[in-house]
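input-v1.txt follows (compact mmCIF, C-alpha atoms and all ligand atoms):
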# COMPACT_ATOMS: atom_id res chain seq x y z
CA MET A 1344 141.40 36.05 10.68
CA SER A 1345 138.32 34.11 11.57
CA LEU A 1346 137.18 34.12 15.15
CA LYS A 1347 134.23 32.29 16.57
CA SER A 1348 133.41 32.67 20.16
CA ILE A 1349 130.67 32.15 22.67
CA SER A 1350 128.28 34.69 24.01
CA THR A 1351 126.35 33.54 27.05
CA LYS A 1352 122.70 34.33 26.79
CA ARG A 1353 120.88 34.71 30.05
CA THR A 1354 117.41 34.17 28.72
CA ALA A 1355 117.55 31.17 26.38
CA ALA A 1356 119.98 29.16 24.26
CA LEU A 1357 123.63 29.87 23.65
CA ILE A 1358 124.48 32.40 21.01
CA PHE A 1359 127.70 32.01 19.12
CA ALA A 1360 128.93 35.52 18.48
CA GLY A 1361 131.86 36.35 16.27
CA ALA A 1362 133.66 39.54 17.17
CA ALA A 1363 132.75 42.08 14.54
CA LEU A 1364 136.37 42.62 13.56
CA SER A 1365 136.61 39.00 12.54
CA VAL A 1366 133.91 39.32 9.93
CA PRO A 1367 135.56 40.09 6.61
CA ALA A 1368 132.73 42.00 4.91
CA PRO A 1369 131.44 45.18 6.56
CA ALA A 1370 128.03 46.79 6.20
CA VAL A 1371 125.38 49.06 7.50
CA PHE A 1372 122.60 47.87 5.32
CA PRO A 1373 120.31 48.46 3.55
CA ASP A 1374 121.79 51.36 1.57
CA ASN A 1375 120.26 54.40 3.28
CA PRO A 1376 122.75 57.29 3.30
CA THR A 1377 121.96 59.93 5.92
CA ASN A 1378 122.90 63.53 6.65
CA ASP A 1379 121.75 63.12 10.23
CA TYR A 1380 123.82 61.67 13.07
CA LYS A 1381 126.80 63.91 12.21
CA ALA A 1382 128.49 63.01 15.53
CA VAL A 1383 129.11 59.50 14.20
CA GLY A 1384 132.48 59.43 12.47
CA MET A 1385 135.15 57.09 11.19
CA ILE A 1386 138.17 55.91 13.13
CA GLY A 1387 141.22 54.88 11.15
CA ASN A 1388 144.82 55.52 10.28
CA VAL A 1389 146.27 58.32 8.21
CA THR A 1390 149.61 57.44 6.67
CA GLY A 1391 150.88 60.21 4.44
CA LYS A 1392 147.83 61.13 2.37
CA THR A 1393 146.15 57.77 2.71
CA PHE A 1394 143.25 57.11 5.09
CA LYS A 1395 142.39 53.56 6.06
CA GLN A 1396 139.13 53.10 7.92
CA ASN A 1397 139.18 50.65 10.81
CA GLY A 1398 135.80 51.34 12.32
CA CYS A 1399 133.61 54.07 13.75
CA GLY A 1400 133.21 56.21 16.84
CA VAL A 1401 130.71 58.69 18.23
CA ALA A 1402 131.70 62.13 19.50
CA ILE A 1403 130.15 62.68 22.95
CA ALA A 1404 132.03 65.85 23.97
CA PRO A 1405 134.15 68.39 22.04
CA THR A 1406 137.34 66.34 22.38
CA TRP A 1407 135.99 62.89 23.29
CA VAL A 1408 134.77 60.01 21.17
CA VAL A 1409 133.29 56.73 22.42
CA GLY A 1410 133.85 53.49 20.54
CA VAL A 1411 134.97 49.92 21.04
CA ALA A 1412 138.27 48.49 22.28
CA HIS A 1413 138.79 46.32 19.19
CA VAL A 1414 138.99 49.38 16.90
CA GLY A 1415 141.93 51.77 16.90
CA GLY A 1416 143.59 54.41 14.78
CA ASN A 1417 145.36 57.73 14.80
CA VAL A 1418 142.45 59.87 13.58
CA PHE A 1419 138.71 60.45 13.98
CA VAL A 1420 136.95 61.77 10.87
CA GLU A 1421 133.79 63.80 11.45
CA GLU A 1422 132.04 65.30 8.42
CA LYS A 1423 135.16 64.81 6.25
CA THR A 1424 137.39 66.71 8.70
CA VAL A 1425 140.28 64.80 10.27
CA TYR A 1426 140.92 65.07 14.02
CA PRO A 1427 144.09 63.48 15.41
CA ILE A 1428 143.58 61.04 18.29
CA ILE A 1429 145.89 61.80 21.23
CA LYS A 1430 144.96 58.89 23.42
CA LYS A 1431 142.83 55.75 23.48
CA ILE A 1432 141.61 54.64 26.90
CA THR A 1433 140.02 51.30 27.76
CA ILE A 1434 138.58 50.04 31.03
CA LYS A 1435 140.94 48.10 33.27
CA LEU A 1436 139.06 45.88 35.68
CA LYS A 1437 140.69 44.23 38.67
CA ASP A 1438 138.38 41.24 38.46
CA GLY A 1439 136.63 39.82 35.45
CA GLU A 1440 136.85 40.69 31.80
CA SER A 1441 136.63 44.27 30.69
CA PRO A 1442 134.00 45.40 28.20
CA ASP A 1443 134.70 46.07 24.52
CA LEU A 1444 134.58 49.81 25.10
CA ALA A 1445 137.02 52.65 24.48
CA LEU A 1446 137.27 56.40 24.71
CA TYR A 1447 139.44 58.44 22.36
CA GLN A 1448 140.75 61.88 23.23
CA LEU A 1449 141.05 64.27 20.29
CA ALA A 1450 143.67 66.97 19.70
CA LYS A 1451 141.04 69.57 18.76
CA PRO A 1452 137.28 69.93 19.25
CA VAL A 1453 134.66 68.59 16.85
CA PRO A 1454 131.50 70.58 16.02
CA TYR A 1455 128.98 67.73 16.40
CA GLN A 1456 128.38 65.66 19.50
CA ALA A 1457 125.76 63.05 20.32
CA GLU A 1458 123.59 63.12 23.41
CA PHE A 1459 123.36 60.10 25.65
CA LEU A 1460 120.04 58.67 26.72
CA ASN A 1461 120.15 59.97 30.28
CA ARG A 1462 118.20 57.09 31.79
CA PRO A 1463 118.35 53.30 31.61
CA LEU A 1464 116.25 51.55 29.00
CA LYS A 1465 112.84 50.66 30.37
CA THR A 1466 111.92 47.01 30.71
CA ALA A 1467 109.09 47.65 28.25
CA GLU A 1468 111.49 49.11 25.67
CA ILE A 1469 113.46 45.87 25.68
CA LYS A 1470 110.46 43.55 26.01
CA ASN A 1471 108.38 45.31 23.37
CA GLY A 1472 111.26 45.94 20.98
CA ALA A 1473 111.84 49.69 20.96
CA GLU A 1474 113.09 50.87 17.56
CA ILE A 1475 116.75 51.82 17.21
CA SER A 1476 118.68 53.56 14.44
CA ILE A 1477 122.06 51.97 13.68
CA VAL A 1478 124.59 54.35 12.13
CA GLY A 1479 127.98 53.56 10.59
CA TYR A 1480 130.34 53.89 7.64
CA GLY A 1481 130.91 50.28 6.57
CA ASN A 1482 130.01 48.84 3.21
CA THR A 1483 126.37 48.35 2.44
CA ALA A 1484 124.88 45.00 1.40
CA THR A 1485 122.62 43.62 -1.29
CA LEU A 1486 119.68 41.27 -0.95
CA ARG A 1487 120.45 37.64 -1.64
CA GLY A 1488 118.80 36.05 -4.64
CA ASP A 1489 117.46 33.21 -2.50
CA GLY A 1490 115.48 35.60 -0.27
CA LYS A 1491 117.34 34.52 2.86
CA GLY A 1492 119.03 37.79 3.75
CA TRP A 1493 121.93 39.97 2.75
CA ASP A 1494 125.35 39.73 1.15
CA PRO A 1495 127.82 42.48 2.12
CA ALA A 1496 129.02 44.47 -0.91
CA LYS A 1497 132.68 45.40 -0.98
CA GLY A 1498 133.96 48.82 -1.98
CA SER A 1499 131.07 50.97 -0.76
CA GLU A 1500 132.47 52.04 2.60
CA GLY A 1501 133.01 55.63 3.73
CA VAL A 1502 129.35 56.64 3.47
CA ARG A 1503 127.34 57.33 6.62
CA ARG A 1504 124.27 55.12 6.53
CA VAL A 1505 121.40 54.37 8.87
CA ALA A 1506 119.46 51.16 9.32
CA THR A 1507 116.63 50.52 11.74
CA ASN A 1508 115.87 47.54 13.93
CA ARG A 1509 114.39 46.69 17.32
CA ILE A 1510 116.01 45.97 20.65
CA ASP A 1511 115.18 42.30 21.15
CA LEU A 1512 117.08 41.60 24.34
CA ALA A 1513 119.69 42.80 26.82
CA GLU A 1514 122.43 40.38 27.78
CA GLU A 1515 126.15 39.93 28.18
CA ASP A 1516 128.16 39.65 24.97
CA ARG A 1517 131.48 37.80 25.27
CA TYR A 1518 134.06 37.33 22.53
CA ASN A 1519 137.76 37.26 21.78
CA ILE A 1520 139.26 40.35 20.17
CA GLY A 1521 142.74 38.81 20.15
CA THR A 1522 143.80 35.63 18.41
CA ALA A 1523 143.32 31.95 19.29
CA ALA A 1524 146.97 31.79 20.38
CA SER A 1525 146.81 35.04 22.31
CA PRO A 1526 143.20 35.59 23.34
CA LYS A 1527 141.83 38.86 24.66
CA TRP A 1528 138.34 38.15 25.93
CA LYS A 1529 135.86 40.94 26.37
CA THR A 1530 132.56 40.76 28.22
CA SER A 1531 130.19 43.65 27.72
CA ASP A 1532 126.72 44.52 28.92
CA ALA A 1533 124.97 44.63 25.59
CA ILE A 1534 121.70 44.99 23.75
CA ALA A 1535 120.95 42.96 20.63
CA TYR A 1536 118.79 42.91 17.51
CA ASP A 1537 118.02 40.25 14.93
CA LEU A 1538 117.66 40.67 11.17
CA ASP A 1539 114.04 40.20 10.19
CA LYS A 1540 112.57 39.59 6.76
CA PRO A 1541 109.77 42.02 5.90
CA GLY A 1542 106.45 40.22 5.91
CA ASP A 1543 107.89 36.86 6.95
CA ASP A 1544 108.70 36.23 10.62
CA SER A 1545 109.70 32.62 10.04
CA PHE A 1546 113.38 33.65 9.89
CA SER A 1547 113.24 35.60 13.14
CA SER A 1548 115.59 34.42 15.88
CA LEU A 1549 114.94 36.84 18.74
CA GLY A 1550 111.61 38.47 17.91
CA GLY A 1551 109.65 39.17 14.76
CA GLY A 1552 108.49 42.31 13.03
CA ALA A 1553 110.76 44.01 10.51
CA THR A 1554 111.17 47.78 10.85
CA SER A 1555 110.92 50.21 7.89
CA LYS A 1556 114.68 50.15 7.18
CA GLU A 1557 115.35 46.80 8.82
CA GLY A 1558 119.05 46.08 8.73
CA GLY A 1559 122.20 45.81 10.71
CA MET A 1560 125.91 46.29 10.88
CA GLY A 1561 129.17 44.55 10.23
CA ALA A 1562 132.92 44.80 10.69
CA LYS A 1563 133.75 48.43 9.98
CA ASP A 1564 130.61 49.62 11.73
CA SER A 1565 132.11 48.65 15.07
CA GLY A 1566 132.02 51.69 17.32
CA GLY A 1567 129.14 53.24 15.36
CA GLY A 1568 126.15 54.65 17.20
CA TRP A 1569 122.86 53.04 18.11
CA PHE A 1570 120.20 55.66 18.78
CA ILE A 1571 116.75 55.54 20.32
CA ASN A 1572 114.08 58.15 19.72
CA ASP A 1573 113.50 59.81 23.09
CA ASN A 1574 110.66 62.33 22.88
CA GLY A 1575 111.57 63.16 19.30
CA LYS A 1576 115.32 63.37 19.81
CA PRO A 1577 117.90 60.73 18.85
CA LYS A 1578 119.76 59.63 21.99
CA LEU A 1579 122.81 57.39 22.01
CA VAL A 1580 122.23 54.08 23.83
CA ALA A 1581 124.96 51.78 22.53
CA VAL A 1582 127.98 51.46 20.28
CA GLY A 1583 128.00 48.63 17.74
CA ALA A 1584 130.34 45.81 18.74
CA SER A 1585 129.79 42.37 17.22
CA VAL A 1586 127.62 40.20 15.02
CA GLY A 1587 126.70 36.60 15.59
CA LEU A 1588 124.20 33.86 14.96
CA LEU A 1589 122.23 31.22 16.79
CA LYS A 1590 124.08 27.95 17.07
CA GLY A 1591 123.37 25.73 14.11
CA ALA A 1592 120.53 27.87 12.84
CA MET A 1593 122.28 29.68 10.00
CA THR A 1594 125.58 30.18 8.26
CA SER A 1595 126.07 33.94 8.18
CA PRO A 1596 125.24 36.78 10.57
CA TYR A 1597 124.03 38.74 7.52
CA ARG A 1598 121.26 36.30 6.73
CA TYR A 1599 117.83 36.76 8.23
CA GLY A 1600 117.95 35.71 11.86
CA GLY A 1601 121.51 37.02 12.25
CA ILE A 1602 122.18 38.99 15.41
CA GLY A 1603 124.04 42.20 16.21
CA PHE A 1604 125.26 43.36 19.62
CA GLY A 1605 125.91 46.87 20.84
CA VAL A 1606 127.71 47.76 24.08
CA TYR A 1607 125.05 49.22 26.39
CA LEU A 1608 126.50 52.56 27.48
CA TRP A 1609 124.30 53.14 30.51
CA SER A 1610 126.19 50.34 32.30
CA TYR A 1611 129.44 52.25 31.87
CA ARG A 1612 128.22 55.81 32.37
CA ASP A 1613 130.30 56.38 35.52
CA TRP A 1614 133.56 55.35 33.81
CA ILE A 1615 132.72 57.36 30.68
CA GLY A 1616 131.77 60.44 32.66
CA LYS A 1617 134.81 60.31 34.90
CA THR A 1618 137.31 59.55 32.13
CA ALA A 1619 136.00 62.16 29.72
CA GLY A 1620 135.31 64.71 32.45
CA LEU A 1621 131.65 65.04 31.49
CA LYS A 1622 129.38 67.05 33.75
CA CA A 1701 114.74 42.69 14.02
Please express the file's structure as structure tokens.
Amino acid sequence: MSLKSISTKRTAALIFAGAALSVPAPAVFPDNPTNDYKAVGMIGNVTGKTFKQNGCGVAIAPTWVVGVAHVGGNVFVEEKTVYPIIKKITIKLKDGESPDLALYQLAKPVPYQAEFLNRPLKTAEIKNGAEISIVGYGNTATLRGDGKGWDPAKGSEGVRRVATNRIDLAEEDRYNIGTAASPKWKTSDAIAYDLDKPGDDSFSSLGGGATSKEGGMGAKDSGGGWFINDNGKPKLVAVGASVGLLKGAMTSPYRYGGIGFGVYLWSYRDWIGKTAGLK
């Protein structure tokens, strides 16, 4: 399946964003395994003794996980323990397109839960590129020989990794999580990063300055957590949703200049709180 769709950018040119599920090669890259962020787990299907990973999710309460609508499964795996999913809930809007956001209710409680950032992002954090940590279980990637970015590496999924980047902008992210024949459009309030090359801002598409572990995410990282350091504590601000690229500027969202979008959770805090019964 290969989907290409349009994301409307409020601030400048059009971005063409492919829904993350349509990208065949997954990755949180570079290859930085982490023991932190234990509330980020895998979502997938258990059939008999076989587990197939479809994406990620982040536990936000003992029996609730937040993720994206285009990922599903019958289990959430946190720290190698399997928790059956009872129910997946998405937002139903009367008017307009619903966001690519989902909540999963678990059959039994998980030990680790993430904390939300309990305030909106400040204008300065978006304008000045606050650093984020992107966490997921997709494959990693290797640097291209031509120095133009990354190539996802197959067969290395199932490891929790963290990459860093900066928030370059906040905008709506719109894409089709269905098929061309039977489209299911989603429009989410989102934040976005671009992939920068260390020491060379000429590839930058949204704002220069590579971070120490500059990287991003891909298909099976959908639903993974994006965290901001808030007074020394990692706070969840978004769940990874899609990758894309500037029209005509490049050929792969994994090359430098490629863009990743995360669903901005503050916009949906009322629905999340009400649905999951958070205090
Ligand atoms: Ca960047």
At a cut-off of 9 Å, using only C-alpha atoms, what residues contact region 1456-1460 of chain A? Leave out same-chain residues fewer than 4 positions from it and give the result as an MDAnalysis selection string.
chainID A and resid 1380:1383 1401:1405 1407:1408 1464 1568 1570:1571 1573 1577:1580 1608:1609
Which residues of chain A sit at most 6 Å from ligand CA 1701 (chain A), using all atoms listed in the file? Give each one's shortest atom pair and distance in Å (one decimal place), in chain and ascending residue order, as a tab-separated table.
residue	atom	partner	partner_atom	distance
A:Asn1508	CA	A:CA1701	CA	5.0
A:Arg1509	CA	A:CA1701	CA	5.2
A:Tyr1536	CA	A:CA1701	CA	5.4
A:Asp1537	CA	A:CA1701	CA	4.2
A:Leu1538	CA	A:CA1701	CA	4.6
A:Asp1539	CA	A:CA1701	CA	4.6
A:Ala1553	CA	A:CA1701	CA	5.5
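Nearest-residue note for Val1502 (chain A): choosing from A:Val1582, A:Val1478, A:Pro1452, A:Ser1555, the minimum distance belongs to A:Val1478, counting all atoms listed in the file.
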Go through A:Gly1566, A:Val1586, A:Lys1392, A:Ala1524 and flag the residue nearest Phe1419 (chain A), using all atoms listed in the file for the distances.
A:Gly1566
Pairwise distance, CA of Tyr1455 (chain A) with CA of Pro1373 (chain A), equals 24.7 Å
Could you pull the residues within 12 Å of Val1505 (chain A), counting only C-alpha atoms, minus those fewer than 2 positions along the same chain, as an mmCIF file with C-alpha atoms, keeping the file's coordinate frame?
data_model
loop_
_atom_site.group_PDB
_atom_site.id
_atom_site.type_symbol
_atom_site.label_atom_id
_atom_site.label_comp_id
_atom_site.auth_asym_id
_atom_site.auth_seq_id
_atom_site.Cartn_x
_atom_site.Cartn_y
_atom_site.Cartn_z
ATOM 1 C CA ALA A 1370 128.030 46.790 6.200
ATOM 2 C CA VAL A 1371 125.380 49.060 7.500
ATOM 3 C CA PHE A 1372 122.600 47.870 5.320
ATOM 4 C CA PRO A 1373 120.310 48.460 3.550
ATOM 5 C CA ASP A 1374 121.790 51.360 1.570
ATOM 6 C CA ASN A 1375 120.260 54.400 3.280
ATOM 7 C CA PRO A 1376 122.750 57.290 3.300
ATOM 8 C CA THR A 1377 121.960 59.930 5.920
ATOM 9 C CA ASN A 1378 122.900 63.530 6.650
ATOM 10 C CA ASP A 1379 121.750 63.120 10.230
ATOM 11 C CA TYR A 1380 123.820 61.670 13.070
ATOM 12 C CA LYS A 1381 126.800 63.910 12.210
ATOM 13 C CA VAL A 1383 129.110 59.500 14.200
ATOM 14 C CA ILE A 1475 116.750 51.820 17.210
ATOM 15 C CA SER A 1476 118.680 53.560 14.440
ATOM 16 C CA ILE A 1477 122.060 51.970 13.680
ATOM 17 C CA VAL A 1478 124.590 54.350 12.130
ATOM 18 C CA GLY A 1479 127.980 53.560 10.590
ATOM 19 C CA TYR A 1480 130.340 53.890 7.640
ATOM 20 C CA GLY A 1481 130.910 50.280 6.570
ATOM 21 C CA ASN A 1482 130.010 48.840 3.210
ATOM 22 C CA THR A 1483 126.370 48.350 2.440
ATOM 23 C CA VAL A 1502 129.350 56.640 3.470
ATOM 24 C CA ARG A 1503 127.340 57.330 6.620
ATOM 25 C CA THR A 1507 116.630 50.520 11.740
ATOM 26 C CA ASN A 1508 115.870 47.540 13.930
ATOM 27 C CA SER A 1555 110.920 50.210 7.890
ATOM 28 C CA LYS A 1556 114.680 50.150 7.180
ATOM 29 C CA GLU A 1557 115.350 46.800 8.820
ATOM 30 C CA GLY A 1558 119.050 46.080 8.730
ATOM 31 C CA GLY A 1559 122.200 45.810 10.710
ATOM 32 C CA MET A 1560 125.910 46.290 10.880
ATOM 33 C CA ASP A 1564 130.610 49.620 11.730
ATOM 34 C CA GLY A 1567 129.140 53.240 15.360
ATOM 35 C CA GLY A 1568 126.150 54.650 17.200
ATOM 36 C CA TRP A 1569 122.860 53.040 18.110
ATOM 37 C CA PHE A 1570 120.200 55.660 18.780
#
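Counting only C-alpha atoms and comparing A:Ser1565, A:Ser1525, A:Thr1485, A:Asn1461, the residue that lies closest to Gly1410 (chain A) is A:Ser1565.
The two atoms in question, CA of Ile1434 (chain A) and CA of Glu1421 (chain A), are spaced 24.4 Å apart.
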Got a minute to add N, CA and C atoms to region 1534-1563 of chain A and dump it as a PDB file, keeping the file's coordinate frame?
ATOM      1  N   ILE A1534     123.043  45.193  24.267  1.00  0.00           N
ATOM      2  CA  ILE A1534     121.700  44.990  23.750  1.00  0.00           C
ATOM      3  C   ILE A1534     121.850  44.385  22.352  1.00  0.00           C
ATOM      4  N   ALA A1535     120.821  43.698  21.890  1.00  0.00           N
ATOM      5  CA  ALA A1535     120.950  42.960  20.630  1.00  0.00           C
ATOM      6  C   ALA A1535     119.686  43.080  19.789  1.00  0.00           C
ATOM      7  N   TYR A1536     119.891  42.973  18.472  1.00  0.00           N
ATOM      8  CA  TYR A1536     118.790  42.910  17.510  1.00  0.00           C
ATOM      9  C   TYR A1536     118.931  41.642  16.675  1.00  0.00           C
ATOM     10  N   ASP A1537     117.875  41.275  15.973  1.00  0.00           N
ATOM     11  CA  ASP A1537     118.020  40.250  14.930  1.00  0.00           C
ATOM     12  C   ASP A1537     117.576  40.843  13.594  1.00  0.00           C
ATOM     13  N   LEU A1538     118.018  40.205  12.520  1.00  0.00           N
ATOM     14  CA  LEU A1538     117.660  40.670  11.170  1.00  0.00           C
ATOM     15  C   LEU A1538     116.377  39.974  10.740  1.00  0.00           C
ATOM     16  N   ASP A1539     115.326  40.765  10.584  1.00  0.00           N
ATOM     17  CA  ASP A1539     114.040  40.200  10.190  1.00  0.00           C
ATOM     18  C   ASP A1539     113.769  40.404   8.710  1.00  0.00           C
ATOM     19  N   LYS A1540     113.006  39.479   8.153  1.00  0.00           N
ATOM     20  CA  LYS A1540     112.570  39.590   6.760  1.00  0.00           C
ATOM     21  C   LYS A1540     111.205  40.262   6.734  1.00  0.00           C
ATOM     22  N   PRO A1541     111.073  41.352   5.963  1.00  0.00           N
ATOM     23  CA  PRO A1541     109.770  42.020   5.900  1.00  0.00           C
ATOM     24  C   PRO A1541     108.662  41.057   5.480  1.00  0.00           C
ATOM     25  N   GLY A1542     107.617  41.023   6.259  1.00  0.00           N
ATOM     26  CA  GLY A1542     106.450  40.220   5.910  1.00  0.00           C
ATOM     27  C   GLY A1542     106.574  38.733   6.148  1.00  0.00           C
ATOM     28  N   ASP A1543     107.694  38.299   6.731  1.00  0.00           N
ATOM     29  CA  ASP A1543     107.890  36.860   6.950  1.00  0.00           C
ATOM     30  C   ASP A1543     108.712  36.664   8.228  1.00  0.00           C
ATOM     31  N   ASP A1544     108.012  36.376   9.330  1.00  0.00           N
ATOM     32  CA  ASP A1544     108.700  36.230  10.620  1.00  0.00           C
ATOM     33  C   ASP A1544     109.291  34.843  10.841  1.00  0.00           C
ATOM     34  N   SER A1545     109.206  33.991   9.831  1.00  0.00           N
ATOM     35  CA  SER A1545     109.700  32.620  10.040  1.00  0.00           C
ATOM     36  C   SER A1545     111.220  32.570  10.211  1.00  0.00           C
ATOM     37  N   PHE A1546     111.924  33.618   9.755  1.00  0.00           N
ATOM     38  CA  PHE A1546     113.380  33.650   9.890  1.00  0.00           C
ATOM     39  C   PHE A1546     113.824  34.253  11.226  1.00  0.00           C
ATOM     40  N   SER A1547     112.889  34.845  11.947  1.00  0.00           N
ATOM     41  CA  SER A1547     113.240  35.600  13.140  1.00  0.00           C
ATOM     42  C   SER A1547     113.887  34.705  14.198  1.00  0.00           C
ATOM     43  N   SER A1548     114.945  35.213  14.839  1.00  0.00           N
ATOM     44  CA  SER A1548     115.590  34.420  15.880  1.00  0.00           C
ATOM     45  C   SER A1548     115.346  34.957  17.279  1.00  0.00           C
ATOM     46  N   LEU A1549     115.124  36.263  17.416  1.00  0.00           N
ATOM     47  CA  LEU A1549     114.940  36.840  18.740  1.00  0.00           C
ATOM     48  C   LEU A1549     113.568  37.482  18.914  1.00  0.00           C
ATOM     49  N   GLY A1550     112.914  37.813  17.821  1.00  0.00           N
ATOM     50  CA  GLY A1550     111.610  38.470  17.910  1.00  0.00           C
ATOM     51  C   GLY A1550     111.255  39.024  16.553  1.00  0.00           C
ATOM     52  N   GLY A1551     110.029  38.811  16.115  1.00  0.00           N
ATOM     53  CA  GLY A1551     109.650  39.170  14.760  1.00  0.00           C
ATOM     54  C   GLY A1551     109.257  40.616  14.594  1.00  0.00           C
ATOM     55  N   GLY A1552     108.961  40.965  13.338  1.00  0.00           N
ATOM     56  CA  GLY A1552     108.490  42.310  13.030  1.00  0.00           C
ATOM     57  C   GLY A1552     109.582  43.182  12.470  1.00  0.00           C
ATOM     58  N   ALA A1553     109.731  43.178  11.137  1.00  0.00           N
ATOM     59  CA  ALA A1553     110.760  44.010  10.510  1.00  0.00           C
ATOM     60  C   ALA A1553     110.378  45.486  10.613  1.00  0.00           C
ATOM     61  N   THR A1554     111.371  46.338  10.830  1.00  0.00           N
ATOM     62  CA  THR A1554     111.170  47.780  10.850  1.00  0.00           C
ATOM     63  C   THR A1554     111.262  48.315   9.418  1.00  0.00           C
ATOM     64  N   SER A1555     111.009  49.637   9.250  1.00  0.00           N
ATOM     65  CA  SER A1555     110.920  50.210   7.890  1.00  0.00           C
ATOM     66  C   SER A1555     112.242  50.119   7.127  1.00  0.00           C
ATOM     67  N   LYS A1556     113.362  50.272   7.827  1.00  0.00           N
ATOM     68  CA  LYS A1556     114.680  50.150   7.180  1.00  0.00           C
ATOM     69  C   LYS A1556     115.452  49.025   7.830  1.00  0.00           C
ATOM     70  N   GLU A1557     114.745  47.917   8.085  1.00  0.00           N
ATOM     71  CA  GLU A1557     115.350  46.800   8.820  1.00  0.00           C
ATOM     72  C   GLU A1557     116.713  46.428   8.262  1.00  0.00           C
ATOM     73  N   GLY A1558     117.699  46.428   9.138  1.00  0.00           N
ATOM     74  CA  GLY A1558     119.050  46.080   8.730  1.00  0.00           C
ATOM     75  C   GLY A1558     119.961  46.009   9.923  1.00  0.00           C
ATOM     76  N   GLY A1559     121.241  45.969   9.628  1.00  0.00           N
ATOM     77  CA  GLY A1559     122.200  45.810  10.710  1.00  0.00           C
ATOM     78  C   GLY A1559     123.583  46.270  10.314  1.00  0.00           C
ATOM     79  N   MET A1560     124.557  45.786  11.046  1.00  0.00           N
ATOM     80  CA  MET A1560     125.910  46.290  10.880  1.00  0.00           C
ATOM     81  C   MET A1560     126.901  45.140  10.773  1.00  0.00           C
ATOM     82  N   GLY A1561     128.109  45.520  10.381  1.00  0.00           N
ATOM     83  CA  GLY A1561     129.170  44.550  10.230  1.00  0.00           C
ATOM     84  C   GLY A1561     130.502  45.116  10.675  1.00  0.00           C
ATOM     85  N   ALA A1562     131.591  44.550  10.143  1.00  0.00           N
ATOM     86  CA  ALA A1562     132.920  44.800  10.690  1.00  0.00           C
ATOM     87  C   ALA A1562     133.262  46.276  10.877  1.00  0.00           C
ATOM     88  N   LYS A1563     133.262  47.061   9.840  1.00  0.00           N
ATOM     89  CA  LYS A1563     133.750  48.430   9.980  1.00  0.00           C
ATOM     90  C   LYS A1563     132.706  49.392  10.557  1.00  0.00           C
TER      91      LYS A1563
END
